[in-house]
Amino acid sequence: MVAALAGFGVAGLAAPSYADTTVTVQGTAFPDPARAAISFVGCADLYQRTDEALVPTVGLGPGAAPSGTRSLGWDLAGGNAVGALFPVDSMLSTTTASVAVNSVGRAIGVAYAGYQEPADADTSLIWLGRAELTTPGGAWQTVDATTRLYAWTKYDMSTRQVVAPGPGVPTTVPGFALAHGGDGPGVYTIGFGCDGTAFSMDQLRVGSLGDVTTYDVEGLRTSVTIAQVSGDRDGSVTITGQLNTETGDPIPDATMILERRLPGTSEWKQVLVADVEHGGVRASVERDQPAFYRWRFVERPLAEGSASQALLLDLLPPLPSGLPTPTEPPSPTGEPSSPPSTPPSTPPSSPPSTPPGSPSTPPSTEPATPPTSAPPDSPSDSATPTPTDPVTQAASPPESASGAASPTGPADDSSAAGRSDSHGTR
């Protein structure tokens with residue numbers, strides 16, 4: 001039967017999982033083409049099919065869809081038929097092989113039944129039965145292929161050549177099978193579009209009494225994700241989003257809405273609308289107040305709507321506490337930060353002796369200023385002590401031009417390192 005299926009133009013795609021008796025089909029993505037799929041056949045003959053691009057549409061209704069809310073629509077040029085394909089293991093035990101159809105007016109279709117008699121098992125030989133179909137249009141109608149009368153012809157599916165004519169009288173599948181050795185595997189197809197009338201299809205059903213599987217055509221299931229890109233220097237933040245479908249099929253001309261909600265509120269407000277390019281979107285927002293953001297894809301006929309999780313954007317974090325405030329660099333070790341113009345001195349414990357011949361001068365109430373050199377009339381071996389700065393008494397450096405003492409050694413590098421350890425903001 002593998003070769004036989006190739007001749008029936010299987011057009012299904014593998015996709016989502018399904019329940020025991022009901023399968024939700026996302027668009028044309030049937031989960032198991034060996035059980036149910038989309039067929040594409042010629043109307044006058046199985047193999048007399050013209051080249052034509054199939055452009056399915058998924059939409060609400062028309063009217064109340066037989067299953068769920070959506071259906072699969074087709075608009076062919078005429079001469080071909082598209083619809084449902086049901087491979088089965090037993091032609092006699094299969095009691096249901098049907099599809100619900102709704103056309104804009106009276107529409108013409110075709111059904112094919114493929115039956116392999118027991119004597120032809122494991123070969124490419126198969127009996128093909130053909131039956132014309134019509135639907136009045138304007139409402140949903142269930143068309144079942146198991147109850148039709150078929151005109152039979154035997155084919156070699158590997159060469160697509162007729163190998164034997166059938167009886168001249170149309171016969172049902174059970175009647176024909178019993179006349180050719182009994183039960184065997186086979187296939188059913190139901191399709192419309194032979195006259196170019198647009199139509200919709202839904203609720204494909206196949207199985208035996210008490211064990212029927214229903215295929216409900218619906219839109220693509222979607223999911224949306226959100227992420228934050230590192231903030232810019234101006235305080236704005238870039239938010240990205242991704243739109244995915246369970247089948248992996250892209251959604252043409254898709255857009256997503258960026259929404260915002262303030263903490264403590266429940267209302268989402270639209271911020272902007274972004275075009276989806278290669279499955280993704282991005283937008284830049286100001287970080288002016290704490291807020292939640294999300295991307296939302298609005299439901300459309302082809303796909304179901306969805307929204308991402310909420311992303312919280314808080315304000316910029318405050319400056320860390322406990323760090324030292326940058327100050328002026330410290331002075332070199334042993335020197336005051338702002339030396340006085342006249343360094344103070346410590347008066348000696350006893351007044352200095354007055355050199356002989358000098359007039360007596362009353363003691364001054366101001367601190368004495370240490371002389372930088374001995375007066376010319378002072379003897380070199382004078383016993384008079386010279387007052388000095390107690391901080392520099394151990395090693396008094398020469399005075400600079402400004403009056404401040406220069407360090408005796410290089411400055412401590414740790415001071416400069418401390419100056420550069422300042423704290424910045426983002």
# chains A, B, ... in the order shown; residues from 1 in each chain; ligands from 1
call {"tool": "residues_around", "arguments": {"residues": "region 109-122 of chain A", "least_positions_apart": "4", "cutoff": "8 Å", "atoms": "only C-alpha atoms", "output": "ChimeraX atom specification"}}
result
/A:1,43,46,81,91,126-134,145,150,173,177,180-195
call {"tool": "select_by_dssp", "arguments": {"residues": "region 98-236 of chain A", "states": "strand (DSSP E)", "output": "PyMOL selection string"}}
result
chain A and resi 98-103+107-115+125-135+141-144+151-156+161-165+186-192+199-208+211-218+222-229+236
call {"tool": "select_by_dssp", "arguments": {"residues": "region 143-219 of chain A", "states": "alpha helix (DSSP H)", "output": "PyMOL selection string"}}
result
chain A and resi 173-178
call {"tool": "closest_residue", "arguments": {"among": "A:Thr21, A:Thr28, A:Ser158, A:Ser230", "to": "Gly207 (chain A)", "atoms": "only C-alpha atoms"}}
result
A:Thr21
call {"tool": "residues_around", "arguments": {"residues": "region 302-318 of chain A", "least_positions_apart": "3", "cutoff": "8 Å", "atoms": "only C-alpha atoms", "output": "list of chain:residue names"}}
result
A:Gly27, A:Thr57, A:Val58, A:Gly59, A:Gly219, A:Leu220, A:Arg221, A:Thr222, A:Ser223, A:Val224, A:Thr225, A:Ile226, A:Ala227, A:Gly235, A:Ile251, A:Arg287, A:Asp288, A:Gln289, A:Pro290, A:Ala291, A:Phe292, A:Tyr293, A:Arg294, A:Trp295, A:Arg296, A:Phe297, A:Val298, A:Glu299, A:Arg426
call {"tool": "residues_around", "arguments": {"residues": "Ala36 (chain A)", "least_positions_apart": "3", "cutoff": "7 Å", "atoms": "only C-alpha atoms", "output": "MDAnalysis selection string"}}
result
chainID A and resid 30 32:33 85:87
call {"tool": "residues_around", "arguments": {"residues": "Arg160 (chain A)", "least_positions_apart": "4", "cutoff": "8 Å", "atoms": "only C-alpha atoms", "output": "compact mmCIF listing (two decimals) with C-alpha atoms, in the first residue's frame"}}
result
# COMPACT_ATOMS: atom_id res chain seq x y z
CA TYR A 47 -3.54 10.67 -12.45
CA TYR A 155 -4.14 -0.34 -11.87
CA ASP A 156 -0.48 -1.08 -11.46
call {"tool": "closest_residue", "arguments": {"among": "A:Leu149, A:Lys154, A:Val273, A:Ala100", "to": "Val169 (chain A)", "atoms": "only C-alpha atoms"}}
result
A:Leu149
